[in-house]
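This is start-v4.txt. It holds compact mmCIF, C-alpha atoms.
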```txt
# COMPACT_ATOMS: atom_id res chain seq x y z
CA MET A 1 0.00 0.00 0.00
CA LYS A 2 1.35 3.39 -1.03
CA PHE A 3 0.54 5.10 2.28
CA LEU A 4 2.32 2.45 4.35
CA ASN A 5 5.38 2.47 2.12
CA GLU A 6 5.61 6.24 2.37
CA LEU A 7 5.13 6.18 6.14
CA ARG A 8 7.89 3.60 6.51
CA ARG A 9 10.18 5.76 4.41
CA ARG A 10 9.41 8.86 6.47
CA ASN A 11 9.94 7.37 9.91
CA PRO A 12 10.69 3.64 10.09
CA VAL A 13 10.98 3.64 13.91
CA LEU A 14 7.48 5.00 14.52
CA TYR A 15 6.16 2.93 11.60
CA TYR A 16 7.24 -0.38 13.13
CA PHE A 17 6.47 0.71 16.69
CA GLY A 18 2.99 1.64 15.50
CA TRP A 19 2.54 -1.87 14.10
CA LEU A 20 3.67 -3.31 17.44
CA ASN A 21 0.94 -1.35 19.21
CA PHE A 22 -1.64 -2.38 16.61
CA ILE A 23 -0.77 -6.03 17.30
CA GLY A 24 -1.05 -5.29 21.03
CA ALA A 25 -4.53 -3.91 20.44
CA LEU A 26 -5.58 -7.05 18.55
CA ILE A 27 -4.23 -9.27 21.33
CA SER A 28 -6.15 -7.17 23.86
CA ILE A 29 -9.35 -7.65 21.86
CA ILE A 30 -8.81 -11.41 21.98
CA MET A 31 -8.19 -11.20 25.72
CA THR A 32 -11.50 -9.38 26.24
CA GLN A 33 -13.18 -12.49 24.85
CA THR A 34 -11.11 -15.05 26.73
CA SER A 35 -10.45 -13.42 30.11
CA GLU A 36 -12.99 -12.73 32.84
CA THR A 37 -10.67 -10.38 34.76
CA ALA A 38 -12.53 -7.15 35.48
CA VAL A 39 -11.60 -3.71 36.80
CA LEU A 40 -14.36 -1.35 37.98
CA GLY A 41 -16.97 -3.64 36.52
CA ILE A 42 -15.63 -3.90 32.96
CA ASN A 43 -13.24 -6.31 31.31
CA ALA A 44 -9.70 -5.41 32.35
CA TRP A 45 -8.35 -5.72 28.80
CA ILE A 46 -10.51 -2.94 27.37
CA LYS A 47 -8.21 -0.27 28.76
CA PRO A 48 -4.97 -1.70 27.26
CA MET A 49 -6.85 -2.15 23.98
CA LYS A 50 -7.84 1.52 23.87
CA PHE A 51 -4.34 2.69 24.75
CA PHE A 52 -2.70 0.40 22.19
CA PHE A 53 -4.98 1.75 19.47
CA SER A 54 -4.38 5.33 20.60
CA ILE A 55 -0.59 4.94 20.62
CA TRP A 56 -0.67 3.27 17.20
CA ILE A 57 -2.55 6.22 15.72
CA PHE A 58 -0.32 8.76 17.48
CA CYS A 59 2.90 7.10 16.28
CA TRP A 60 1.82 6.97 12.67
CA THR A 61 0.46 10.52 12.82
CA MET A 62 3.67 12.02 14.19
CA GLY A 63 5.80 9.79 11.99
CA TRP A 64 4.07 11.36 9.00
CA TYR A 65 4.29 14.98 10.21
CA LEU A 66 7.91 14.88 11.38
CA ALA A 67 9.14 14.38 7.83
CA TYR A 68 8.24 18.01 7.09
CA LEU A 69 10.81 19.34 9.57
CA ASP A 70 14.32 20.13 8.35
CA ASN A 71 16.22 19.35 11.56
CA LYS A 72 16.52 15.56 11.36
CA ARG A 73 18.55 15.30 14.57
CA ARG A 74 15.68 16.75 16.60
CA VAL A 75 13.30 14.43 14.81
CA ARG A 76 15.38 11.36 15.74
CA ILE A 77 15.59 12.40 19.40
CA TYR A 78 11.84 13.01 19.58
CA THR A 79 11.11 9.72 17.81
CA TRP A 80 13.03 7.65 20.34
CA MET A 81 11.53 9.62 23.23
CA VAL A 82 8.07 8.62 21.97
CA VAL A 83 9.08 4.96 21.89
CA VAL A 84 10.55 4.99 25.41
CA VAL A 85 7.62 6.89 26.94
CA MET A 86 4.98 4.73 25.30
CA ILE A 87 6.72 1.51 26.33
CA ILE A 88 6.72 2.71 29.95
CA GLU A 89 3.04 3.61 29.69
CA GLN A 90 1.86 0.40 28.08
CA VAL A 91 3.95 -1.98 30.20
CA ILE A 92 2.42 -0.54 33.37
CA ILE A 93 -1.14 -0.41 31.99
CA THR A 94 -1.00 -3.95 30.61
CA TRP A 95 0.67 -5.45 33.70
CA GLN A 96 -1.85 -3.88 36.04
CA ALA A 97 -4.78 -4.89 33.84
CA ALA A 98 -3.57 -8.48 33.56
CA ASN A 99 -3.61 -8.64 37.35
CA GLY A 100 -7.05 -7.06 37.67
CA ARG A 101 -5.80 -3.74 39.04
CA LEU A 102 -6.13 -0.08 38.15
CA SER A 103 -3.10 1.55 36.58
CA HIS A 104 -4.29 5.16 36.64
CA PHE A 105 -5.22 6.65 40.02
CA ASN A 106 -3.91 3.58 41.85
CA ILE A 107 -2.09 4.73 44.99
CA THR A 108 -3.05 1.81 47.21
CA THR A 109 0.57 0.71 47.76
CA PRO A 110 3.91 2.55 47.52
CA LEU A 111 4.75 0.53 44.37
CA TYR A 112 1.49 1.31 42.60
CA ARG A 113 1.75 4.96 43.62
CA SER A 114 5.27 5.10 42.17
CA LEU A 115 4.11 3.49 38.91
CA PHE A 116 1.24 5.97 38.63
CA ILE A 117 3.62 8.88 39.18
CA LEU A 118 6.04 7.43 36.61
CA MET A 119 3.23 7.27 34.07
CA GLY A 120 2.35 10.88 34.76
CA VAL A 121 5.94 12.05 34.36
CA ALA A 122 6.27 10.06 31.14
CA ILE A 123 3.13 11.51 29.57
CA ALA A 124 3.99 15.05 30.71
CA THR A 125 7.37 14.60 29.02
CA LEU A 126 5.67 13.45 25.82
CA ALA A 127 3.22 16.36 25.82
CA THR A 128 5.91 18.95 26.53
CA TRP A 129 8.26 17.60 23.88
CA THR A 130 5.42 17.45 21.37
CA GLY A 131 4.82 21.11 22.15
CA VAL A 132 8.46 21.78 21.31
CA ILE A 133 7.92 20.02 17.98
CA GLY A 134 4.96 22.33 17.43
CA TYR A 135 7.25 25.29 18.08
CA TYR A 136 9.61 24.03 15.37
CA PHE A 137 6.68 23.89 12.95
CA PHE A 138 6.05 27.58 13.68
CA ARG A 139 9.72 28.47 13.51
CA GLN A 140 10.41 26.81 10.16
CA ARG A 141 9.37 29.11 7.34
CA ARG A 142 9.64 27.00 4.19
CA PHE A 143 7.66 23.85 3.51
CA GLU A 144 7.05 21.81 0.39
CA VAL A 145 3.37 21.28 1.20
CA PRO A 146 0.49 23.81 1.22
CA MET A 147 0.40 26.19 4.17
CA PRO A 148 -3.21 25.39 5.16
CA TYR A 149 -1.97 21.86 5.84
CA ILE A 150 0.98 23.16 7.87
CA TRP A 151 -1.34 25.40 9.86
CA GLY A 152 -3.47 22.33 10.52
CA ILE A 153 -0.44 20.54 11.94
CA ARG A 154 0.60 23.56 14.00
CA LEU A 155 -2.81 24.11 15.55
CA GLY A 156 -3.51 20.40 15.91
CA ILE A 157 -0.35 20.05 17.97
CA ILE A 158 -1.28 23.04 20.15
CA LEU A 159 -4.68 21.59 21.02
CA PHE A 160 -3.22 18.13 21.49
CA VAL A 161 -0.75 19.46 24.04
CA LEU A 162 -3.36 21.60 25.78
CA PHE A 163 -5.80 18.76 26.29
CA SER A 164 -3.04 16.30 27.11
CA PHE A 165 -2.42 18.33 30.25
CA GLU A 166 -6.10 17.94 31.15
CA GLY A 167 -4.93 14.52 32.28
CA GLY A 168 -3.18 16.31 35.12
CA LEU A 169 -6.56 17.44 36.46
CA MET A 170 -7.82 13.86 36.41
CA ALA A 171 -4.66 12.72 38.17
CA SER A 172 -5.04 15.37 40.87
CA ARG A 173 -8.64 14.23 41.45
CA LEU A 174 -7.70 10.53 41.23
CA SER A 175 -10.77 10.06 39.03
CA HIS A 176 -12.27 11.01 35.70
CA THR A 177 -15.96 10.91 36.67
CA VAL A 178 -17.41 14.13 38.11
CA GLY A 179 -20.27 13.64 40.52
CA ALA A 180 -19.76 9.97 41.35
CA PRO A 181 -16.97 7.43 41.81
CA ASP A 182 -15.42 5.92 38.70
CA GLY A 183 -16.90 2.65 37.52
CA GLY A 184 -20.58 3.41 37.01
CA PRO A 185 -22.63 2.75 33.84
CA GLY A 186 -20.92 3.98 30.70
CA LEU A 187 -21.15 4.18 26.92
CA PRO A 188 -20.05 1.12 24.92
CA VAL A 189 -16.27 0.65 24.39
CA VAL A 190 -15.21 4.15 25.53
CA ASN A 191 -17.03 3.69 28.87
CA TRP A 192 -17.67 7.40 29.28
CA SER A 193 -20.13 7.87 32.11
CA SER A 194 -23.76 7.83 30.95
CA GLN A 195 -25.03 9.36 34.22
CA TYR A 196 -22.42 11.92 35.33
CA GLY A 197 -19.75 14.21 33.94
CA ASP A 198 -16.67 12.53 32.48
CA LEU A 199 -13.43 14.42 31.88
CA ARG A 200 -12.27 11.80 29.40
CA VAL A 201 -14.65 13.13 26.74
CA ALA A 202 -12.88 16.46 26.25
CA HIS A 203 -9.54 14.72 26.73
CA PHE A 204 -10.28 12.30 23.88
CA ILE A 205 -11.71 14.92 21.50
CA GLY A 206 -8.84 17.30 22.26
CA LEU A 207 -6.15 14.69 21.65
CA HIS A 208 -7.56 13.81 18.25
CA SER A 209 -7.28 17.39 17.08
CA LEU A 210 -3.83 16.12 16.11
CA GLN A 211 -5.46 14.21 13.24
CA LEU A 212 -8.68 16.09 12.47
CA ILE A 213 -7.41 19.65 12.10
CA PRO A 214 -4.53 18.72 9.73
CA LEU A 215 -6.97 16.57 7.70
CA PHE A 216 -9.22 19.60 7.37
CA GLY A 217 -6.25 21.75 6.38
CA ASN A 218 -5.02 19.26 3.77
CA TYR A 219 -8.26 18.13 2.13
CA ILE A 220 -10.88 20.82 2.71
CA ALA A 221 -9.41 24.24 3.51
CA ARG A 222 -8.14 26.47 0.72
CA ARG A 223 -6.76 29.21 2.93
CA SER A 224 -4.82 29.20 6.18
CA ARG A 225 -7.46 31.48 7.68
CA SER A 226 -10.06 28.75 7.23
CA VAL A 227 -7.91 26.34 9.22
CA GLN A 228 -7.46 28.87 11.99
CA LEU A 229 -11.22 29.41 12.24
CA PHE A 230 -11.86 25.66 12.19
CA ALA A 231 -9.32 25.15 14.97
CA ALA A 232 -10.92 27.92 17.02
CA GLY A 233 -14.32 26.24 16.66
CA TYR A 234 -12.81 22.88 17.54
CA PHE A 235 -11.27 24.37 20.68
CA ILE A 236 -14.56 25.98 21.73
CA LEU A 237 -16.45 22.71 21.25
CA THR A 238 -13.89 20.76 23.27
CA ALA A 239 -13.80 23.41 26.00
CA LEU A 240 -17.60 23.22 26.25
CA LEU A 241 -17.38 19.45 26.67
CA PHE A 242 -14.85 20.03 29.43
CA ILE A 243 -17.13 22.54 31.18
CA GLN A 244 -20.09 20.19 30.74
CA ALA A 245 -18.17 17.43 32.52
CA LEU A 246 -17.28 19.76 35.38
CA GLN A 247 -21.00 20.53 35.72
CA ARG A 248 -21.59 16.79 36.27
CA VAL A 249 -23.57 16.47 33.05
CA PRO A 250 -23.00 13.33 30.94
CA VAL A 251 -21.99 13.74 27.30
CA LEU A 252 -25.32 12.25 26.21
CA PHE A 253 -28.20 13.62 28.28
```
Structure rendered as structure tokens:
Amino acid sequence: MKFLNELRRRNPVLYYFGWLNFIGALISIIMTQTSETAVLGINAWIKPMKFFFSIWIFCWTMGWYLAYLDNKRRVRIYTWMVVVVMIIEQVIITWQAANGRLSHFNITTPLYRSLFILMGVAIATLATWTGVIGYYFFRQRRFEVPMPYIWGIRLGIILFVLFSFEGGLMASRLSHTVGAPDGGPGLPVVNWSSQYGDLRVAHFIGLHSLQLIPLFGNYIARRSRSVQLFAAGYFILTALLFIQALQRVPVLF
């Protein structure tokens, strides 16, 4: 497939690491059908599955974008940082899930507290460094692709970083549900609370600005201004979802 060949050429490390996470997601799907281990009332393997899929998409997305930057040394350093951080994240999540335990918000023992803190430091490092990559996209003046697309990448990265740090709020609260303990009735697959506010909604939508805004810039927008307006609307929508969660209102009400 042409896309896969081009992606492999652009960033072979993130290309193959993305495949590794895709395989991890498929294994997790199988485990949801063969394992009865549960965490907060749902199959324990659903969470690793979601994170494997998310990391796969992130790796291939950034692997594609990074090819537009001129400084290849910075690109290599960032690439390997992504691999290291995501390995830390997924090893902890998968190990805890396999043993029927929470990975996020688990401070029940000194070990689990330390692992939770390690995950937070790792993701904060990823978000911050991705923000630096966004800065390089602003700093570089010449690109071989249309500027509406570049503006999509720039603004997609900004919103990705912004809503990545929303995870810090969830960590400080030791929960993502607002108005009730975690683990109540939720929507299929994503498990967003169907009765109370859920901070994961805005977090999810905000993170995927990294894909949606550049896609708009590349395939729909004809001017950079259109991308900027689209990104502003995207931010407002996501911010409203965040405020809705804080008001204890479920995403579907």
Please list, as number ranges by chain, the residues that have an atom at most 12 Å away from (-8.9, -12.0, 21.8) in the coordinates of this file, counting only C-alpha atoms.
A: 23-36, 43, 45-46, 49
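The space between CA of Arg73 in chain A and CA of Phe216 in chain A spans 29.0 Å.
Using all atoms listed in the file, the shortest contact distance between Leu111 in chain A and any of A:Ile92, A:Leu20, A:Cys59, A:Ala97 is found at A:Ile92.
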With all atoms listed in the file as the counted atoms, please give the residues lying no more than 12 Å from Arg76 in chain A, apart from itself and same-chain residues fewer than 3 positions off, as a CSV table (one decimal) with C-alpha atoms, in the frame of the given file.
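Saved result, out-v4.csv, follows:
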```csv
chain,number,residue,atom,x,y,z
A,10,ARG,CA,9.4,8.9,6.5
A,11,ASN,CA,9.9,7.4,9.9
A,12,PRO,CA,10.7,3.6,10.1
A,13,VAL,CA,11.0,3.6,13.9
A,14,LEU,CA,7.5,5.0,14.5
A,62,MET,CA,3.7,12.0,14.2
A,63,GLY,CA,5.8,9.8,12.0
A,66,LEU,CA,7.9,14.9,11.4
A,67,ALA,CA,9.1,14.4,7.8
A,69,LEU,CA,10.8,19.3,9.6
A,70,ASP,CA,14.3,20.1,8.4
A,71,ASN,CA,16.2,19.4,11.6
A,72,LYS,CA,16.5,15.6,11.4
A,73,ARG,CA,18.6,15.3,14.6
A,79,THR,CA,11.1,9.7,17.8
A,80,TRP,CA,13.0,7.6,20.3
A,81,MET,CA,11.5,9.6,23.2
A,82,VAL,CA,8.1,8.6,22.0
A,83,VAL,CA,9.1,5.0,21.9
A,133,ILE,CA,7.9,20.0,18.0
```
For a test of reading the model, state the distance in Å between CA of Gly167 in chain A and CA of Ile57 in chain A, rounded to one decimal.
18.7 Å
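Compared by their closest atoms to Leu210 in chain A, and using only C-alpha atoms, the residues A:Gln96, A:Ser54, A:Ser175, A:Gln195 rank with A:Ser54 nearest.
Between Tyr136 in chain A and the candidates A:Phe3, A:Phe242, A:Tyr15, A:Tyr68, the tightest atom-to-atom separation, counting all atoms listed in the file, involves A:Tyr68.
Comparing the minimum interatomic distances between Leu155 in chain A and each of A:Leu7, A:Ile42, A:Leu229, A:Ala239, counting only C-alpha atoms, we find that A:Leu229 sits nearest.
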For Arg173 in chain A, find every residue with an atom within 12 Å (counting all atoms listed in the file), except residues of its own chain fewer than 5 positions away, and show them as a list in words.
His104, Phe105, Asn106, Glu166, Gly167, Gly168, Val178, Gly179, Ala180, Pro181, Asp182, Leu199 and Leu246 of chain A
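Each of A:Phe53, A:Phe116, A:Trp129, A:Phe163 was compared to Arg74 in chain A using all atoms listed in the file, and A:Trp129 turns out to be the nearest.
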So that I can see what lies close to Thr125 in chain A, please list as a compact mmCIF listing (two decimals) with C-alpha atoms, in the coordinates of the input the residues with an atom at most 10 Å from it, counting all atoms listed in the file and leaving out residues fewer than 5 positions away in the same chain.
```
# COMPACT_ATOMS: atom_id res chain seq x y z
CA MET A 81 11.53 9.62 23.23
CA VAL A 82 8.07 8.62 21.97
CA VAL A 85 7.62 6.89 26.94
CA MET A 119 3.23 7.27 34.07
CA GLY A 120 2.35 10.88 34.76
CA THR A 130 5.42 17.45 21.37
CA GLY A 131 4.82 21.11 22.15
```
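Proximity of A:Val249, A:Ile236, A:Ala231, A:Leu40 to Pro185 in chain A, computed with only C-alpha atoms, is greatest for A:Leu40.
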